[in-house]
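Here's the structure, in structure tokens; my notes come after.
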Amino acid sequence: MAKVKSLAELKAMKDKLRSNLDLREKSNNPDSLVQIKVAMATCGIAAGAKQVMEHMMEEADKLKLSIIFTQTGCMGYCHAEPTIEVRKPGKEPVVFGHVDNAKADEILTRYVMNNELVEGIIPVNYETID
Amino acid sequence: MHVLVCGGTGCQASASSEIVSCFQNILADKGLQDEIQVIKTGCFGFCEKGPIVKIMPDNTFYTQVKPEDVRKIIEEHIIKGRKVTDLLYLDPENKEHVADSKHMGFYKKQLRIALRNCGFINPESIDEYISRDGYEALGKVLSEMTPQQVIDEITRSGLRGRGGAGFPTGVKWGLCAKSKADQKYAICNADEGDPGAFMDRSIMEGDPNSIIEAMAICGYAIGASQGLVYIRAEYPLAIHRLEIAIAQAREYGLLGKDILGSGFDFDIELRFGAGAFVCGEETALIHSMEGKRGEPTFKPPFPAVEGYMGKPSNVNNVETLANIPIIINKGAEWFSKYGSEKSKGTKVFALAGQINNVGLIEVPMGTPLRDIIYEIGGGIKGGRQFKAVQTGGPSGGCLTTKHLDTQIDYDSLVAAGSMMGSGGMVVMDETSCMVAIAKFYLEFTCEESCGKCTPCRIGNKRMLEILTRITEGNGTMEDLEELRNLAAVIKDTALCGLGQTAPNPVLSTLDNFWDEYVEHVVEKKCRAGVCKKLMNYVIDQEKCIGCGKCAKNCPANAISKTEYIAPGHKLPSMVINTSVCIKCGACMSGCKFDAISVK
Amino acid sequence: MVKLTIDNKPVEVAQGTTILKAARQAGIHIPTLCYFELAGMNFENKPGGCRVCVIEVEGRRNLAPACATECMDGMVVHTHSPRVINARRTVVELMLSDHPADCLTCPKSGQCELQALAQYLGIREIPFKGEQSTYRKDMSPSIIRDVDKCVMCRRCENMCNNIQSVGALSAINRGFMAVVSPAFEQDMVESTCVMCGQCVQVCPVGALSEVDDTRRVMSAINNPKKTVIVQTAPATRVALGEEFGMTPGTIVTGQMTAALRRLGFDYVFDTDFSADLTIMEEGTELLNRISKFMAGDKSVRLPILTSCCPGWVNFFEHNFPDMLDVPSTAKSPQQMFGAIAKSYWAEKMNIKREDLVVVSIMPCLAKKYECRRDEFAVDNNPDVDYVLSTRELARLIKQYNMDLKDMPSEDYDDPLGESTGAAVIFGATGGVIEAATRTAYEVFTGKKLEKVEFTQLRGLEGIRDAHVDFNGTDIHIGIAHGLANARKLLESVRDGKEQFHAIEVMACPGGCIGGAGQPYHHGNSEIIKKRFEAIYREDEGKPIRKSHENPSIQKLYAEYLGEPCGHKSHELLHTHYFDKSNCVEIGE
């Protein structure tokens, strides 16, 4: 990685990174993919997030689904760990709670593949500043 | 199309299950069951207006839906595409119905500023942080602001220390900036020690770069080129992610020499603590980092004058730091829009206990306690009655129903006999014994006291002994008096914050739950059924059929036969010898005839 | 200057003055416990931990410790308001609730600062009943640690680490079980403790006290088969009087001798005799080394370090194992006395070694340990059998219904009781090296000293650096008292920053007059100064003031030893040192 030498360079870098992300997420982009974020703070991991993430990745492979899996920090829903956020191109992201292997399978086969929502949705109950 | 019905406990209680089946039945009647999916969701955090029904994908948000409204929603909205206006949320301000939940952010009582990136970005990717304006604040201060301007900006924002005491951050920076020295230190206090509080860990695990950026900004403002993070070794994931973030920041030149071509040098080292609670106190923290015994020393001298290795040092808590970059980016005015008069911005709480939605929440300062418990928290578990909420961890106190409308900020909490602390919030219902709760917190402080000053070392121990006596049925009214005096003296004389605040759980429960103490002392009764020694298991001789199962289950051989045979029964009933009983409850849980109860 | 009001009295003090000191200036007594100051000796202990000195400052949320709070302009302070009194009482009651109430048999009874505090506050009962913290008792040859009595004042810890830089004591454990102890709760003998005993000297309670050997000594005296002789160290004669209400600095040499005789000692001798002997040996060794050095012998180790102080010997064995060949090999005066008493004198008197008991009266607790070192025994029979501290001797005298004030003044017995002024000054910092200089000068230059006082070697500054002109040859002398000062000086020598011909080190602040076996000074450094002055007065009053002029010493060499540093001397009067740097063992 090259050093960032000035604020202007940092801003240029941000713009580039942002457009890359946008490209990945915009629905009109043919290459757009489903993204799944898994909340992997200590509490999430303790509740089984790591194992669920691995399971989902294997299952997605088997189902030949192209999904970008990323880990992220605490979403705040301690009462519903493990939690994941599924972002389908062109759609509002949906958070699911209490995701075990069975629920993960259901999310992949029903929501990701067939656009059917499944139980376990956690409505996002906070505002985040941009 | 999807119909989302809130399945949170609050809405469940107000018939959300019935609503779901209504939807399903009517949709089936109309043959729409395959096109329209009805999904029960988690809590929307708007229980006050529940049950909630949300129609996707147009985001229509119906409030206070009754089963009899379901047909209307299906016929009007789902079939004809016309929103059912009178079920929409009525904005109390302008008396307009709000249709689109996208415009209903206000119902979300939470506002994530410190947690803005947690659960959003990949914490192990500095790129994702940068794409969210990361390090722009650092760039801005280095290229456009003088250190004094940075301090002024933070001071004007009204940001106060989130570690608990609420000292104005800008003022603290200003004091350290004034000290002249060849070396200064910007220290991050990541020794989160309140039982049940984990916001600092979550921030470091979810957004480690924000801490690094903030420390660099602090370093620039106070004139320090070295940053130190004092983090407990029990946080391996936070340490791992901080280490990754530091390495990535160094690779980008965002740490190190001549950052962003400004000539400013700054780097960060991690120091591991062994997790002593008292090491969250800044002088104790500094001693621990120096390799000395982690115990506080009298202030002054303040760390701003004489800190780590005798050099001026500034210690800020993780959550405080997480607010810094955004204040620089958006300005002090923006930040001070949020919060109450004297406490600006938001506060993260770890909501726990007998509440439906336990979680890590962030709310603007000044949010009423009621909103936190009944909206965000979704109310009390099992529909039981709210009894108390303990804030501020072992340094805080217990608030009761009379405090439900308190607008939570530093000053209101202290006025109510508790404190902000680092943001633990434990909700209790009638199954909690307040004497036992006070004892629990005191056990913690006794364990974590460093032992340096007499009131904390011996005084807290004596208070704990008195509380133990009370919970075991050996307390006297004089004990209660002694408890009050001791608590007051410890508060008045202890050396550091740990000791000075240790009596808070006792004092606040004495104030708010005096009757419960008296009950324990005079009637030898624990209304919550928590204090085992005050409980007696009793066999109802009329109900007992004399099967003897309880006697078999009893590990203490405390149960024997009587000579009394109740009318209608064939065998003599059983009786418990209370002096032998160890109160394990095995008899009661094994009795099929409900003949055993606790008195 | 800062103006404030304390108990309605206007007070004006210098910036930076604590409320405690301001109050004392105004004649207002604020009780303290953990606070301890040895003025002029660079020792102030104010951890602010006991909370006994809390006072009320108007406008302040909680009470403030007077010892650590600085005066500010316009402050209004109340030192005895009801709120303060209640808090202070409660704090002391709490302390007492975790303190064994065995005052009747406690070694500190009567001298205990906690006892005095309880009395001052009129505490008649302890309202708190509860658990008491208990620990293992730890006993070394010198010191007893009964930590059940520890009040966590941290004076010992501060003394051990900052004044002595020994680092044997520190606070361990947390909360109710917090206590001051060697690391890993080791016994003192396993730690880096050098037995200097300064922790005992400052302990406000009975948590640290000396090993009591009085009963063993009296049973030896009562054994008709034993001849029991006693030697008295220089510094004891200027301090023992304090225990009998005499003003500090009163010289009680003659009364002490009389009292010892009445206690039943068969012969009363003087360590001053062997101090003169030490000068003969150590002075000769110094001159030998200097002469060799001047002759160009590069293998000579300079500076020579004095070796009279057992705490210091222990300290360099622990901390400077690479320099074990630097100190003088001369034994301490106590051990020289024992060696001569059990050889020369015993032979002369025709007493069998096993029937002779040598007792020392010492201002020192490390001496109790020193006499038990293996190399100071012949066939398991130690050269010195028992050591009593000045305090123990006072207790014995009182027990036997004597008052020093009523004692006649008596002389020491011959021949081991004859001494010079040079020996007396061993008791103060700088004294050993001054005594050595008096002799070395005359031997080296062959000239008679016109003035025996070398005032450039005297004083109470922690580290001193002086030059003495040996008839054109400049002799560079370093002096340190307090082991942290010694460490500093030694490190500068080791690093080659400083070059000395000789260095005198005393472990205790002030030298032996401030020793751990002396009457408790309770932080009053004036007492140490008075003893210091008395030592030099005693020197002035002596007819002979140079060691080599002591007739009994001259006779000893003529009759028995031959010459200083000769063969016989080496056998009896010199020793060697051990590397103790690795003797710290961790675990069971």
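Starting from 1 in every chain, residues are counted up; chains themselves are A, B, ... following the order of the structure tokens, and ligands are numbered from 1 as listed.
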
Contacts of chain A with chain B up to 7 Å, shortest pair per row, only C-alpha atoms, as a Markdown table:
| residue | atom | partner | partner_atom | distance |
| --- | --- | --- | --- | --- |
| A:Met1 | CA | B:Glu251 | CA | 6.2 |
| A:Ala2 | CA | B:Tyr252 | CA | 6.0 |
| A:Lys3 | CA | B:Tyr252 | CA | 4.2 |
| A:Val4 | CA | B:Tyr252 | CA | 5.4 |
| A:Lys5 | CA | B:Leu260 | CA | 4.4 |
| A:Ser6 | CA | B:Leu260 | CA | 4.2 |
| A:Leu7 | CA | B:Gly139 | CA | 5.0 |
| A:Lys14 | CA | B:Ser131 | CA | 4.7 |
| A:Leu17 | CA | B:Ser131 | CA | 5.6 |
| A:Arg18 | CA | B:Ser131 | CA | 5.3 |
| A:Ala39 | CA | B:Gly119 | CA | 6.0 |
| A:Ala41 | CA | B:Glu205 | CA | 5.8 |
| A:Thr42 | CA | B:Leu237 | CA | 6.7 |
| A:Thr70 | CA | B:Asn122 | CA | 6.5 |
| A:Gln71 | CA | B:Asn122 | CA | 5.6 |
| A:Thr72 | CA | B:Asn122 | CA | 4.5 |
| A:Gly73 | CA | B:Gly206 | CA | 3.6 |
| A:Cys74 | CA | B:Gly119 | CA | 5.0 |
| A:Met75 | CA | B:Gly119 | CA | 4.5 |
| A:Gly76 | CA | B:Leu360 | CA | 4.3 |
| A:Tyr77 | CA | B:Gly359 | CA | 4.9 |
| A:Cys78 | CA | B:Gly359 | CA | 4.4 |
| A:His79 | CA | B:Val358 | CA | 5.0 |
| A:Leu117 | CA | B:Ile39 | CA | 7.0 |
| A:Val118 | CA | B:Ile39 | CA | 6.4 |
| A:Glu119 | CA | B:Ile39 | CA | 5.6 |
| A:Gly120 | CA | B:Thr41 | CA | 5.6 |
| A:Ile121 | CA | B:Thr41 | CA | 4.7 |
| A:Ile122 | CA | B:Gly42 | CA | 4.6 |
| A:Pro123 | CA | B:Phe44 | CA | 5.4 |
| A:Asn125 | CA | B:Lys108 | CA | 5.3 |
| A:Tyr126 | CA | B:Gln110 | CA | 4.5 |
| A:Glu127 | CA | B:Leu111 | CA | 4.8 |
| A:Thr128 | CA | B:Arg112 | CA | 4.6 |
| A:Ile129 | CA | B:Ile113 | CA | 6.1 |

Worksheet item: DSSP on the backbone: what in region 21-204 of chain C comes out helix (DSSP H, G or I), as an NGL selection string?
Response: :C and (21-25 or 82-97 or 103-105 or 113-120 or 147-149 or 155-163 or 175-177 or 183-185 or 188-190 or 198-202)

query = Counting only C-alpha atoms, which of C:Asn162, C:Gln198, C:Asn42, C:Ser299 gets nearest to Glu210 (chain C)?
reply =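 Among the listed residues, the smallest separation from Glu210 (chain C) belongs to C:Gln198.
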
As a check of understanding: the span from CA of Thr232 (chain C) to CA of Val452 (chain C) is 24.0 Å

Write out as CSV the residues of chain B that have any atom within 6 Å of an atom of chain C, one row each with the nearest atom pair and its distance in Å to one decimal, counting only C-alpha atoms, sorted by chain and then rising number.
residue,atom,partner,partner_atom,distance
B:Cys446,CA,C:Gly175,CA,5.9
B:Ser449,CA,C:Gly175,CA,4.4
B:Cys450,CA,C:Arg174,CA,4.7
B:Gly451,CA,C:Gly175,CA,3.9
B:Lys452,CA,C:Gly49,CA,5.5
B:Cys453,CA,C:Gly49,CA,4.1
B:Thr454,CA,C:Cys50,CA,5.3
B:Arg457,CA,C:Phe176,CA,5.0
B:Ile458,CA,C:Phe176,CA,6.0
B:Val489,CA,C:Ala87,CA,5.4
B:Asp492,CA,C:Asn62,CA,4.7
B:Thr493,CA,C:Leu63,CA,5.6

Write the residues of the preceding selection, restricted to C-alpha atoms, as a PDB file, in the first residue's frame.
ATOM      1  CA  CYS B 446     -14.977  -5.269  47.590  1.00  0.00           C
ATOM      2  CA  SER B 449     -10.972  -2.362  45.675  1.00  0.00           C
ATOM      3  CA  CYS B 450      -7.235  -1.826  45.545  1.00  0.00           C
ATOM      4  CA  GLY B 451      -7.094  -1.657  49.331  1.00  0.00           C
ATOM      5  CA  LYS B 452      -5.196   1.576  49.514  1.00  0.00           C
ATOM      6  CA  CYS B 453      -7.570   3.665  51.604  1.00  0.00           C
ATOM      7  CA  THR B 454      -9.249   2.582  54.811  1.00  0.00           C
ATOM      8  CA  ARG B 457     -10.646  -1.446  52.074  1.00  0.00           C
ATOM      9  CA  ILE B 458     -12.444  -2.050  55.351  1.00  0.00           C
ATOM     10  CA  VAL B 489     -18.583   8.269  55.511  1.00  0.00           C
ATOM     11  CA  ASP B 492     -17.121  11.363  52.013  1.00  0.00           C
ATOM     12  CA  THR B 493     -13.658   9.987  52.677  1.00  0.00           C
TER      13      THR B 493
END

Item to complete: Using only C-alpha atoms, determine which residues lie at most 12 Å from Ser569 (chain C), disregarding the query and same-chain residues fewer than 2 positions distant; provide the list as number ranges by chain.
Response: C: 277-278, 280-282, 284-285, 329-331, 336, 339-340, 343-344, 556-557, 560-567, 571-575

Based on the selection just made, write C-alpha atoms of those residues as a short mmCIF file (atom, residue, chain, number, x, y, z; two decimals), in the first residue's frame.
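Generated file (result.cif):
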data_model
loop_
_atom_site.label_atom_id
_atom_site.label_comp_id
_atom_site.auth_asym_id
_atom_site.auth_seq_id
_atom_site.Cartn_x
_atom_site.Cartn_y
_atom_site.Cartn_z
CA LEU C 277 40.69 -2.34 65.85
CA THR C 278 38.62 -1.99 62.67
CA MET C 280 43.77 -0.50 62.28
CA GLU C 281 42.76 -3.18 59.79
CA GLU C 282 40.63 -1.19 57.38
CA THR C 284 45.93 -0.40 56.71
CA GLU C 285 44.02 -2.05 53.88
CA THR C 329 37.50 -7.34 53.85
CA ALA C 330 37.59 -6.13 57.44
CA LYS C 331 34.82 -7.54 59.60
CA MET C 336 35.85 -8.29 65.38
CA ALA C 339 36.38 -12.96 67.32
CA ILE C 340 38.88 -11.36 69.69
CA SER C 343 40.16 -16.10 71.09
CA TYR C 344 42.62 -13.64 72.62
CA LEU C 556 46.67 -6.67 71.39
CA TYR C 557 48.88 -6.41 68.32
CA TYR C 560 48.64 -11.58 69.85
CA LEU C 561 47.96 -10.30 66.37
CA GLY C 562 51.36 -9.16 65.23
CA GLU C 563 50.67 -6.48 62.68
CA PRO C 564 47.53 -5.06 61.03
CA CYS C 565 46.48 -7.12 58.01
CA GLY C 566 48.98 -9.73 59.07
CA HIS C 567 48.37 -13.45 59.08
CA GLU C 571 42.29 -15.27 60.12
CA LEU C 572 40.32 -13.51 62.84
CA LEU C 573 39.38 -10.10 61.58
CA HIS C 574 38.74 -10.39 57.88
CA THR C 575 35.95 -11.96 55.92
#

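Within the 12 Å cut-off around Glu481 (chain B), using only C-alpha atoms and omitting residues fewer than 2 positions from it on the same chain, the listed residues are Met463, Ile466, Leu467, Gly475, Thr476, Met477, Glu478, Asp479, Leu483, Arg484, Asn485, Leu486, Ala487, Ala488, Leu507, Leu510, Trp514, Tyr517, Val518 and Val521 of chain B; Pro127 of chain C.
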
| message | Please determine, counting only C-alpha atoms, which residue among C:Val432, C:Gln456, C:Tyr577, C:Val268 has the shortest atom-to-atom distance to Glu375 (chain C). | response |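 Distance minimum relative to Glu375 (chain C) lands on C:Tyr577.
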
Hey, what's within 12 Å of His78 (chain C) if we count only C-alpha atoms and toss same-chain stuff fewer than 3 positions away? As a compact mmCIF listing (two decimals) with N, CA and C atoms, in the first residue's frame, please?
# COMPACT_ATOMS: atom_id res chain seq x y z
N LEU C 4 -5.64 31.72 53.79
CA LEU C 4 -6.81 30.89 53.98
C LEU C 4 -7.26 30.95 55.44
N THR C 5 -8.40 30.33 55.71
CA THR C 5 -8.90 30.31 57.08
C THR C 5 -8.99 28.87 57.54
N ILE C 6 -8.34 28.58 58.66
CA ILE C 6 -8.46 27.25 59.22
C ILE C 6 -9.06 27.38 60.61
N ASP C 7 -10.18 26.73 60.82
CA ASP C 7 -10.91 26.80 62.10
C ASP C 7 -11.04 28.27 62.55
N ASN C 8 -11.50 29.09 61.62
CA ASN C 8 -11.75 30.52 61.86
C ASN C 8 -10.49 31.35 62.11
N LYS C 9 -9.32 30.72 62.00
CA LYS C 9 -8.08 31.47 62.18
C LYS C 9 -7.56 31.85 60.80
N ILE C 19 -2.46 21.60 53.66
CA ILE C 19 -3.33 22.06 54.75
C ILE C 19 -2.79 21.55 56.08
N LEU C 20 -2.26 20.33 56.09
CA LEU C 20 -1.71 19.77 57.33
C LEU C 20 -0.60 20.66 57.88
N ALA C 23 -1.89 24.00 59.07
CA ALA C 23 -2.57 23.89 60.37
C ALA C 23 -1.54 23.78 61.49
N ILE C 28 -2.70 24.22 65.05
CA ILE C 28 -3.91 23.39 65.06
C ILE C 28 -3.51 21.94 64.80
N HIS C 29 -3.93 21.06 65.68
CA HIS C 29 -3.53 19.66 65.56
C HIS C 29 -4.53 18.90 64.70
N ILE C 30 -4.03 18.34 63.63
CA ILE C 30 -4.86 17.42 62.83
C ILE C 30 -4.22 16.04 62.98
N CYS C 53 -6.67 12.09 58.48
CA CYS C 53 -6.47 13.54 58.52
C CYS C 53 -7.49 14.29 57.66
N VAL C 54 -8.60 13.63 57.32
CA VAL C 54 -9.57 14.34 56.47
C VAL C 54 -10.10 15.59 57.17
N ILE C 55 -10.32 16.60 56.37
CA ILE C 55 -10.86 17.87 56.87
C ILE C 55 -11.92 18.36 55.89
N GLU C 56 -12.68 19.34 56.34
CA GLU C 56 -13.76 19.85 55.50
C GLU C 56 -13.30 21.15 54.86
N VAL C 57 -13.41 21.22 53.54
CA VAL C 57 -13.12 22.47 52.85
C VAL C 57 -14.44 22.99 52.32
N GLU C 58 -14.82 24.19 52.70
CA GLU C 58 -16.11 24.72 52.26
C GLU C 58 -16.19 24.73 50.75
N GLY C 59 -17.32 24.27 50.23
CA GLY C 59 -17.51 24.28 48.78
C GLY C 59 -17.05 23.01 48.11
N ARG C 60 -16.43 22.13 48.86
CA ARG C 60 -15.94 20.88 48.28
C ARG C 60 -16.96 19.78 48.57
N LEU C 63 -14.81 15.18 51.79
CA LEU C 63 -13.74 15.61 52.69
C LEU C 63 -12.39 15.43 51.99
N ALA C 64 -11.41 16.23 52.42
CA ALA C 64 -10.10 16.18 51.76
C ALA C 64 -9.03 15.74 52.74
N PRO C 65 -8.05 14.97 52.28
CA PRO C 65 -6.95 14.60 53.17
C PRO C 65 -6.04 15.82 53.37
N ALA C 66 -5.85 16.24 54.62
CA ALA C 66 -5.07 17.45 54.88
C ALA C 66 -3.61 17.26 54.47
N MET C 75 -9.44 29.61 50.80
CA MET C 75 -10.01 28.36 51.32
C MET C 75 -10.53 28.57 52.73
N SER C 81 -14.99 19.81 62.51
CA SER C 81 -16.44 19.96 62.44
C SER C 81 -17.09 18.61 62.77
N PRO C 82 -18.37 18.61 63.12
CA PRO C 82 -19.03 17.33 63.43
C PRO C 82 -18.89 16.32 62.29
N ARG C 83 -18.98 16.80 61.06
CA ARG C 83 -18.87 15.90 59.91
C ARG C 83 -17.48 15.27 59.88
N VAL C 84 -16.47 16.10 60.16
CA VAL C 84 -15.10 15.60 60.15
C VAL C 84 -14.88 14.59 61.27
N ILE C 85 -15.34 14.97 62.46
CA ILE C 85 -15.12 14.10 63.63
C ILE C 85 -15.79 12.74 63.40
